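Asker: Below you'll find model_1.tsv; it's TSV, C-alpha atoms.
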chain	number	residue	atom	x	y	z
V	37	MET	CA	-196.12	46.18	80.27
V	38	SER	CA	-194.36	48.78	82.36
V	39	VAL	CA	-194.69	52.51	81.81
V	40	GLN	CA	-191.08	52.62	80.65
V	41	GLU	CA	-191.68	49.86	78.07
V	42	ARG	CA	-194.80	51.60	76.81
V	43	LYS	CA	-192.93	54.91	76.42
V	44	GLN	CA	-190.12	53.16	74.54
V	45	ARG	CA	-192.63	51.49	72.22
V	46	GLU	CA	-194.42	54.80	71.62
V	47	ARG	CA	-191.10	56.52	70.90
V	48	ALA	CA	-190.13	53.81	68.40
V	49	ASP	CA	-193.56	54.09	66.76
V	50	ARG	CA	-193.16	57.89	66.44
V	51	GLU	CA	-189.71	57.45	64.93
V	52	ARG	CA	-191.04	54.96	62.37
V	53	LEU	CA	-193.87	57.38	61.56
V	54	ILE	CA	-191.41	60.25	61.01
V	55	VAL	CA	-189.24	58.15	58.70
V	56	ALA	CA	-192.22	56.73	56.78
V	57	THR	CA	-193.74	60.19	56.37
V	58	ALA	CA	-190.46	61.72	55.23
V	59	ARG	CA	-190.01	58.91	52.74
V	60	GLU	CA	-193.55	59.24	51.43
V	61	LEU	CA	-193.25	63.01	51.06
V	62	ALA	CA	-189.86	62.70	49.34
V	63	GLU	CA	-191.18	60.07	46.92
V	64	GLN	CA	-194.19	62.26	46.09
V	65	GLN	CA	-192.60	65.71	45.95
V	66	GLY	CA	-188.83	65.31	46.23
V	67	TRP	CA	-186.47	65.85	49.13
V	68	ASP	CA	-186.75	69.65	48.92
V	69	ALA	CA	-190.36	69.28	50.10
V	70	VAL	CA	-189.25	67.46	53.26
V	71	THR	CA	-188.91	70.03	56.02
V	72	THR	CA	-189.20	69.58	59.74
V	73	ARG	CA	-192.15	71.98	59.80
V	74	ARG	CA	-193.97	70.04	57.11
V	75	LEU	CA	-193.18	66.69	58.74
V	76	ALA	CA	-194.40	67.94	62.11
V	77	GLU	CA	-197.67	69.02	60.51
V	78	ARG	CA	-198.14	65.73	58.69
V	79	ILE	CA	-197.47	63.52	61.70
V	80	GLU	CA	-199.43	65.87	63.97
V	81	TYR	CA	-196.66	66.39	66.48
V	82	SER	CA	-194.78	69.55	67.33
V	83	GLN	CA	-191.38	70.30	65.84
V	84	PRO	CA	-189.73	69.85	69.26
V	85	VAL	CA	-191.07	66.28	69.35
V	86	LEU	CA	-189.58	65.67	65.92
V	87	TYR	CA	-186.26	67.14	67.09
V	88	SER	CA	-186.31	64.83	70.10
V	89	HIS	CA	-185.91	61.96	67.59
V	90	PHE	CA	-183.73	63.54	64.89
V	91	ARG	CA	-181.47	66.58	65.00
V	92	GLY	CA	-182.69	67.63	61.58
V	93	LYS	CA	-183.36	66.68	58.00
V	94	ARG	CA	-179.87	65.22	57.53
V	95	GLU	CA	-180.51	62.55	60.18
V	96	ILE	CA	-183.92	61.82	58.71
V	97	ILE	CA	-182.32	61.28	55.31
V	98	GLY	CA	-179.84	58.95	57.01
V	99	ALA	CA	-182.65	56.97	58.61
V	100	VAL	CA	-184.41	56.61	55.25
V	101	ALA	CA	-181.10	55.52	53.70
V	102	LEU	CA	-180.58	52.81	56.32
V	103	GLN	CA	-184.11	51.53	55.80
V	104	GLY	CA	-183.55	51.59	52.06
V	105	ALA	CA	-180.25	49.71	52.34
V	106	THR	CA	-182.03	46.92	54.20
V	107	GLU	CA	-184.75	46.78	51.54
V	108	MET	CA	-182.28	46.86	48.66
V	109	ALA	CA	-180.22	44.03	50.18
V	110	ALA	CA	-183.38	41.95	50.57
V	111	ALA	CA	-184.45	42.65	46.97
V	112	VAL	CA	-181.04	41.69	45.60
V	113	ARG	CA	-180.87	38.52	47.67
V	114	ALA	CA	-184.40	37.51	46.70
V	115	ALA	CA	-183.64	37.99	43.02
V	116	THR	CA	-180.34	36.13	43.08
V	117	SER	CA	-181.67	33.25	45.17
V	118	CYS	CA	-184.08	32.30	42.39
V	119	ALA	CA	-181.43	32.35	39.67
V	120	HIS	CA	-179.38	29.34	38.58
V	121	GLY	CA	-175.75	29.73	37.65
V	122	PRO	CA	-173.42	32.72	37.90
V	123	ARG	CA	-174.62	34.51	34.75
V	124	GLU	CA	-178.27	34.35	35.76
V	125	ARG	CA	-177.42	35.48	39.31
V	126	VAL	CA	-175.42	38.49	38.10
V	127	THR	CA	-178.16	39.43	35.63
V	128	ALA	CA	-180.80	39.08	38.36
V	129	LEU	CA	-178.70	41.21	40.70
V	130	ALA	CA	-178.33	43.96	38.09
V	131	ARG	CA	-182.03	43.99	37.30
V	132	ALA	CA	-183.04	43.97	40.96
V	133	TYR	CA	-180.68	46.86	41.71
V	134	LEU	CA	-181.91	48.93	38.77
V	135	ASP	CA	-185.55	48.13	39.56
V	136	PHE	CA	-185.02	49.21	43.18
V	137	ALA	CA	-183.49	52.50	42.02
V	138	GLU	CA	-186.37	53.11	39.60
V	139	ASP	CA	-189.13	52.13	42.04
V	140	ASN	CA	-187.69	54.07	45.01
V	141	PRO	CA	-186.06	57.24	43.64
V	142	ALA	CA	-186.16	59.22	46.90
V	143	VAL	CA	-184.77	56.30	48.87
V	144	TYR	CA	-182.08	55.78	46.24
V	145	ASP	CA	-181.16	59.46	46.53
V	146	ALA	CA	-181.01	59.16	50.32
V	147	LEU	CA	-178.68	56.19	49.93
V	148	PHE	CA	-176.34	57.46	47.25
V	149	GLN	CA	-176.86	61.13	46.43
V	150	LEU	CA	-177.74	63.07	49.58
V	151	ASP	CA	-175.83	63.69	52.78
V	152	GLY	CA	-177.48	61.61	55.47
V	153	GLY	CA	-174.50	61.85	57.77
V	154	LEU	CA	-173.61	58.19	57.23
V	155	ALA	CA	-170.12	56.77	56.86
V	156	TYR	CA	-169.52	54.67	53.76
V	157	ALA	CA	-166.62	52.28	53.21
V	158	ARG	CA	-165.19	52.78	56.69
V	159	GLU	CA	-164.94	50.87	59.95
V	160	ASP	CA	-167.90	52.81	61.39
V	161	THR	CA	-170.18	52.21	58.41
V	162	PRO	CA	-173.64	51.28	59.76
V	163	GLU	CA	-174.53	47.59	59.45
V	164	PRO	CA	-177.41	48.05	56.96
V	165	LEU	CA	-174.99	49.72	54.51
V	166	LYS	CA	-172.40	46.99	55.03
V	167	ASP	CA	-175.08	44.37	54.48
V	168	ALA	CA	-176.27	46.02	51.25
V	169	PHE	CA	-172.71	45.88	49.93
V	170	ALA	CA	-172.42	42.28	51.15
V	171	ALA	CA	-175.57	41.41	49.18
V	172	LEU	CA	-173.80	42.58	46.03
V	173	LEU	CA	-170.51	40.93	46.96
V	174	GLU	CA	-172.13	37.54	47.58
V	175	THR	CA	-172.95	37.24	43.89
V	176	LEU	CA	-170.32	39.44	42.26
V	177	GLY	CA	-167.42	38.02	44.23
V	178	GLU	CA	-167.80	34.70	42.43
V	179	VAL	CA	-167.40	36.32	38.99
V	180	ALA	CA	-164.56	38.76	39.71
V	181	GLY	CA	-161.99	36.69	37.86
V	182	ASP	CA	-158.57	35.40	38.75
V	183	GLY	CA	-156.33	37.91	40.45
V	184	VAL	CA	-159.12	40.45	40.93
V	185	HIS	CA	-160.07	41.35	44.48
V	186	PRO	CA	-163.81	40.50	44.86
V	187	GLY	CA	-164.53	43.68	46.83
V	188	LEU	CA	-162.86	45.87	44.21
V	189	PHE	CA	-164.75	44.13	41.41
V	190	THR	CA	-168.00	44.61	43.33
V	191	GLU	CA	-167.27	48.33	43.67
V	192	VAL	CA	-166.66	48.69	39.92
V	193	PHE	CA	-169.79	46.72	39.01
V	194	TRP	CA	-171.82	48.69	41.56
V	195	ALA	CA	-170.48	51.97	40.16
V	196	SER	CA	-171.59	50.84	36.70
V	197	LEU	CA	-175.07	50.02	38.00
V	198	HIS	CA	-175.24	53.35	39.79
V	199	GLY	CA	-174.29	55.13	36.58
V	200	LEU	CA	-176.97	53.28	34.65
V	201	ALA	CA	-179.57	53.99	37.34
V	202	THR	CA	-178.71	57.67	37.50
V	203	LEU	CA	-178.44	58.25	33.75
V	204	THR	CA	-181.65	56.34	33.08
V	205	ARG	CA	-183.57	58.29	35.70
V	206	THR	CA	-182.40	61.63	34.34
V	207	ARG	CA	-183.39	60.47	30.84
V	208	ARG	CA	-179.84	60.59	29.49
V	209	LEU	CA	-180.19	57.05	28.13
V	210	LEU	CA	-182.83	55.57	25.83
V	211	PRO	CA	-185.23	53.47	27.91
V	212	GLU	CA	-185.71	50.87	25.18
V	213	ASP	CA	-182.03	49.86	25.46
V	214	ALA	CA	-182.15	49.10	29.22
V	215	ALA	CA	-182.13	45.31	28.86
V	216	GLN	CA	-179.25	45.43	26.37
V	217	ARG	CA	-177.22	47.57	28.76
V	218	VAL	CA	-177.62	44.98	31.52
V	219	GLU	CA	-176.60	42.18	29.17
V	220	LEU	CA	-173.56	44.14	27.97
V	221	LEU	CA	-172.53	44.94	31.53
V	222	VAL	CA	-172.81	41.30	32.58
V	223	ASP	CA	-171.05	40.03	29.45
V	224	ARG	CA	-168.14	42.48	29.54
V	225	LEU	CA	-167.43	42.82	33.26
V	226	ALA	CA	-168.21	39.47	34.83
V	227	VAL	CA	-166.01	36.42	34.28
V	228	LEU	CA	-168.59	33.74	33.65
Translate this file's structure into structure tokens.
Answerer:
Amino acid sequence: MSVQERKQRERADRERLIVATARELAEQQGWDAVTTRRLAERIEYSQPVLYSHFRGKREIIGAVALQGATEMAAAVRAATSCAHGPRERVTALARAYLDFAEDNPAVYDALFQLDGGLAYAREDTPEPLKDAFAALLETLGEVAGDGVHPGLFTEVFWASLHGLATLTRTRRLLPEDAAQRVELLVDRLAVL
């Protein structure tokens, strides 16, 4: 291995460490606790080293969001691949999405609540975000109904899931009704 290759590998390892540490800190204490000073201390590198990878917290949030989008897409695809029939697939998708939001609140915030400097719903949207939407569209597109654009239906269904995830997390909805909400959403929105 050349010196250049070793340096590139070390740089990539440091970047992964920064993102993993930011994510861990955010999951434990919230995004307000994630500062470049605190990250530098935790990873045992100087702040200038951290800034050589990311221009600041906003870019770190963006990196966590991209990682989260990849994980969410995988979770949705895994859940829907085991389901049989459109209704089961849509229900599995909804549950996987809501479980991801509940299990990864800081990542979910990085994806959908915080400014990570990422473009959404545009030509220059990063591939992991496009793929996360595609993971939803793959299942939801088949139940959009006649005359309904699959992408538009996916956006509406996704917005409903996001609302459920957000309202549940902030304890605005009764937790014991979570399963009924998913069933109602699937029954009323999807053409099965």
Asker: Could you check the closest approach to Val222 of chain V for each of V:Arg158, V:Arg52, V:Arg125, V:Arg59 and tell me which residue wins, using all atoms listed in the file?
Answerer: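 Among V:Arg158, V:Arg52, V:Arg125, V:Arg59, it is V:Arg125 that comes nearest to Val222 of chain V.
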Asker: At a cut-off of 8 Å, using all atoms listed in the file, what residues contact Ala226 of chain V? Leave out same-chain residues fewer than 6 positions from it and give the result as a list in words.
Answerer: Val126, Leu176, Val179, Ala180 and Gly181 of chain V
Asker: Considering only C-alpha atoms, return as a short mmCIF file (atom, residue, chain, number, x, y, z; two decimals) with C-alpha atoms, in the frame of the given file whatever protein or nucleic-acid residues lie within 12 Å of Phe193 of chain V, sequence-local ones (same chain, fewer than 5 positions apart) excluded.
Answerer:
data_model
loop_
_atom_site.label_atom_id
_atom_site.label_comp_id
_atom_site.auth_asym_id
_atom_site.auth_seq_id
_atom_site.Cartn_x
_atom_site.Cartn_y
_atom_site.Cartn_z
CA VAL V 126 -175.42 38.49 38.10
CA THR V 127 -178.16 39.43 35.63
CA LEU V 129 -178.70 41.21 40.70
CA ALA V 130 -178.33 43.96 38.09
CA TYR V 133 -180.68 46.86 41.71
CA PHE V 169 -172.71 45.88 49.93
CA LEU V 172 -173.80 42.58 46.03
CA LEU V 173 -170.51 40.93 46.96
CA THR V 175 -172.95 37.24 43.89
CA LEU V 176 -170.32 39.44 42.26
CA GLY V 177 -167.42 38.02 44.23
CA VAL V 179 -167.40 36.32 38.99
CA ALA V 180 -164.56 38.76 39.71
CA PRO V 186 -163.81 40.50 44.86
CA GLY V 187 -164.53 43.68 46.83
CA LEU V 188 -162.86 45.87 44.21
CA HIS V 198 -175.24 53.35 39.79
CA GLY V 199 -174.29 55.13 36.58
CA LEU V 200 -176.97 53.28 34.65
CA VAL V 218 -177.62 44.98 31.52
CA LEU V 220 -173.56 44.14 27.97
CA LEU V 221 -172.53 44.94 31.53
CA VAL V 222 -172.81 41.30 32.58
CA ASP V 223 -171.05 40.03 29.45
CA ARG V 224 -168.14 42.48 29.54
CA LEU V 225 -167.43 42.82 33.26
CA ALA V 226 -168.21 39.47 34.83
CA VAL V 227 -166.01 36.42 34.28
#
Asker: May I ask for the distance between atom CA of Tyr144 of chain V and atom CA of Lys93 of chain V, given in Å to one decimal place?
Answerer: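 Value for the atom CA of Tyr144 of chain V-atom CA of Lys93 of chain V distance: 16.1 Å.
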Asker: What is the atom CA of Glu80 of chain V-atom CA of Gly92 of chain V distance in Å, reported with one decimal?
Answerer: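 These two atoms are separated by 17.0 Å.
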Asker: Go ahead and fit an axis-aligned box to every listed atom of segment 218-228 of chain V plus 4 Å each side, and pass me the centre and edge lengths in Å, one decimal, as JSON.
Answerer:
{"center_x": -171.8, "center_y": 39.4, "center_z": 31.4, "size_x": 19.6, "size_y": 19.2, "size_z": 14.9}
Asker: Given the choices V:Val70, V:Leu165, V:Ala170, V:Leu197, which gets closest to Ala137 of chain V if the distance is worked out from only C-alpha atoms?
Answerer: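 The closest residue to Ala137 of chain V is V:Leu197.
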Asker: Could you check how far atom CA of Arg47 of chain V sits from atom CA of Leu86 of chain V, in Å to one decimal?
Answerer: 10.5 Å
Asker: Taking only C-alpha atoms into account, which of V:Arg208, V:Gln216, V:Lys166, V:Leu147 comes nearest Gly98 of chain V?
Answerer: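 Of V:Arg208, V:Gln216, V:Lys166, V:Leu147, the one nearest Gly98 of chain V is V:Leu147, counting only C-alpha atoms.
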Asker: Using all atoms listed in the file, pick whichever of V:Glu46, V:Ser88, V:Glu178, V:Val143 has the shortest atom-to-atom distance to Ala58 of chain V.
Answerer: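 Smallest separation from Ala58 of chain V among the options: V:Val143.
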Asker: Please provide as a ChimeraX atom specification all residues within 12 Å of Gly153 of chain V, with the sequence filter that same-chain residues fewer than 2 positions apart are discarded (counting all atoms listed in the file).
Answerer: /V:90-102,146-151,155-156,160-162
Asker: So, with all atoms listed in the file as the atoms that count, which of V:Ala201, V:Ser117, V:Ala128, V:Thr57 lies closest to Glu219 of chain V?
Answerer: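 For Glu219 of chain V, the nearest of the given residues is V:Ala128.
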Asker: Name the closest residue to Gln64 of chain V among the candidates V:Ala142, V:Ile79, V:Pro164, V:Arg131; distances are taken between atoms, counting all atoms listed in the file.
Answerer: V:Ala142
Asker: Place N, CA, C and O atoms on segment 114-132 of chain V and deliver the coordinates as a PDB file, keeping the file's coordinate frame.
Answerer:
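The resulting file, selection.pdb, is reproduced below:
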ATOM      1  N   ALA V 114    -183.233  38.247  47.197  1.00  0.00           N
ATOM      2  CA  ALA V 114    -184.400  37.510  46.700  1.00  0.00           C
ATOM      3  C   ALA V 114    -184.255  37.212  45.214  1.00  0.00           C
ATOM      4  O   ALA V 114    -184.535  36.089  44.764  1.00  0.00           O
ATOM      5  N   ALA V 115    -183.797  38.180  44.457  1.00  0.00           N
ATOM      6  CA  ALA V 115    -183.640  37.990  43.020  1.00  0.00           C
ATOM      7  C   ALA V 115    -182.563  36.971  42.692  1.00  0.00           C
ATOM      8  O   ALA V 115    -182.749  36.115  41.824  1.00  0.00           O
ATOM      9  N   THR V 116    -181.450  37.050  43.389  1.00  0.00           N
ATOM     10  CA  THR V 116    -180.340  36.130  43.080  1.00  0.00           C
ATOM     11  C   THR V 116    -180.602  34.722  43.590  1.00  0.00           C
ATOM     12  O   THR V 116    -180.086  33.762  43.019  1.00  0.00           O
ATOM     13  N   SER V 117    -181.406  34.583  44.630  1.00  0.00           N
ATOM     14  CA  SER V 117    -181.670  33.250  45.170  1.00  0.00           C
ATOM     15  C   SER V 117    -182.507  32.398  44.224  1.00  0.00           C
ATOM     16  O   SER V 117    -182.472  31.167  44.290  1.00  0.00           O
ATOM     17  N   CYS V 118    -183.238  33.026  43.338  1.00  0.00           N
ATOM     18  CA  CYS V 118    -184.080  32.300  42.390  1.00  0.00           C
ATOM     19  C   CYS V 118    -183.359  31.979  41.083  1.00  0.00           C
ATOM     20  O   CYS V 118    -183.902  31.271  40.239  1.00  0.00           O
ATOM     21  N   ALA V 119    -182.166  32.534  40.913  1.00  0.00           N
ATOM     22  CA  ALA V 119    -181.430  32.350  39.670  1.00  0.00           C
ATOM     23  C   ALA V 119    -180.495  31.145  39.766  1.00  0.00           C
ATOM     24  O   ALA V 119    -179.997  30.826  40.841  1.00  0.00           O
ATOM     25  N   HIS V 120    -180.253  30.521  38.635  1.00  0.00           N
ATOM     26  CA  HIS V 120    -179.380  29.340  38.580  1.00  0.00           C
ATOM     27  C   HIS V 120    -178.150  29.671  37.760  1.00  0.00           C
ATOM     28  O   HIS V 120    -178.262  30.099  36.612  1.00  0.00           O
ATOM     29  N   GLY V 121    -177.001  29.476  38.342  1.00  0.00           N
ATOM     30  CA  GLY V 121    -175.750  29.730  37.650  1.00  0.00           C
ATOM     31  C   GLY V 121    -175.288  31.168  37.794  1.00  0.00           C
ATOM     32  O   GLY V 121    -176.095  32.074  38.028  1.00  0.00           O
ATOM     33  N   PRO V 122    -173.992  31.393  37.680  1.00  0.00           N
ATOM     34  CA  PRO V 122    -173.420  32.720  37.900  1.00  0.00           C
ATOM     35  C   PRO V 122    -173.984  33.797  36.969  1.00  0.00           C
ATOM     36  O   PRO V 122    -174.286  34.896  37.408  1.00  0.00           O
ATOM     37  N   ARG V 123    -174.138  33.503  35.693  1.00  0.00           N
ATOM     38  CA  ARG V 123    -174.620  34.510  34.750  1.00  0.00           C
ATOM     39  C   ARG V 123    -176.031  34.966  35.119  1.00  0.00           C
ATOM     40  O   ARG V 123    -176.322  36.154  35.142  1.00  0.00           O
ATOM     41  N   GLU V 124    -176.897  34.016  35.380  1.00  0.00           N
ATOM     42  CA  GLU V 124    -178.270  34.350  35.760  1.00  0.00           C
ATOM     43  C   GLU V 124    -178.307  35.138  37.069  1.00  0.00           C
ATOM     44  O   GLU V 124    -179.112  36.060  37.212  1.00  0.00           O
ATOM     45  N   ARG V 125    -177.452  34.766  38.022  1.00  0.00           N
ATOM     46  CA  ARG V 125    -177.420  35.480  39.310  1.00  0.00           C
ATOM     47  C   ARG V 125    -176.966  36.933  39.117  1.00  0.00           C
ATOM     48  O   ARG V 125    -177.548  37.849  39.683  1.00  0.00           O
ATOM     49  N   VAL V 126    -175.915  37.129  38.318  1.00  0.00           N
ATOM     50  CA  VAL V 126    -175.420  38.490  38.100  1.00  0.00           C
ATOM     51  C   VAL V 126    -176.466  39.324  37.354  1.00  0.00           C
ATOM     52  O   VAL V 126    -176.701  40.491  37.693  1.00  0.00           O
ATOM     53  N   THR V 127    -177.105  38.733  36.372  1.00  0.00           N
ATOM     54  CA  THR V 127    -178.160  39.430  35.630  1.00  0.00           C
ATOM     55  C   THR V 127    -179.323  39.772  36.563  1.00  0.00           C
ATOM     56  O   THR V 127    -179.853  40.893  36.535  1.00  0.00           O
ATOM     57  N   ALA V 128    -179.717  38.832  37.402  1.00  0.00           N
ATOM     58  CA  ALA V 128    -180.800  39.080  38.360  1.00  0.00           C
ATOM     59  C   ALA V 128    -180.423  40.172  39.341  1.00  0.00           C
ATOM     60  O   ALA V 128    -181.258  41.033  39.680  1.00  0.00           O
ATOM     61  N   LEU V 129    -179.185  40.169  39.799  1.00  0.00           N
ATOM     62  CA  LEU V 129    -178.700  41.210  40.700  1.00  0.00           C
ATOM     63  C   LEU V 129    -178.804  42.572  40.032  1.00  0.00           C
ATOM     64  O   LEU V 129    -179.320  43.532  40.618  1.00  0.00           O
ATOM     65  N   ALA V 130    -178.310  42.685  38.804  1.00  0.00           N
ATOM     66  CA  ALA V 130    -178.330  43.960  38.090  1.00  0.00           C
ATOM     67  C   ALA V 130    -179.758  44.458  37.902  1.00  0.00           C
ATOM     68  O   ALA V 130    -180.056  45.635  38.150  1.00  0.00           O
ATOM     69  N   ARG V 131    -180.633  43.577  37.502  1.00  0.00           N
ATOM     70  CA  ARG V 131    -182.030  43.990  37.300  1.00  0.00           C
ATOM     71  C   ARG V 131    -182.695  44.387  38.608  1.00  0.00           C
ATOM     72  O   ARG V 131    -183.434  45.373  38.659  1.00  0.00           O
ATOM     73  N   ALA V 132    -182.444  43.629  39.663  1.00  0.00           N
ATOM     74  CA  ALA V 132    -183.040  43.970  40.960  1.00  0.00           C
ATOM     75  C   ALA V 132    -182.538  45.322  41.447  1.00  0.00           C
ATOM     76  O   ALA V 132    -183.316  46.139  41.969  1.00  0.00           O
TER      77      ALA V 132
END
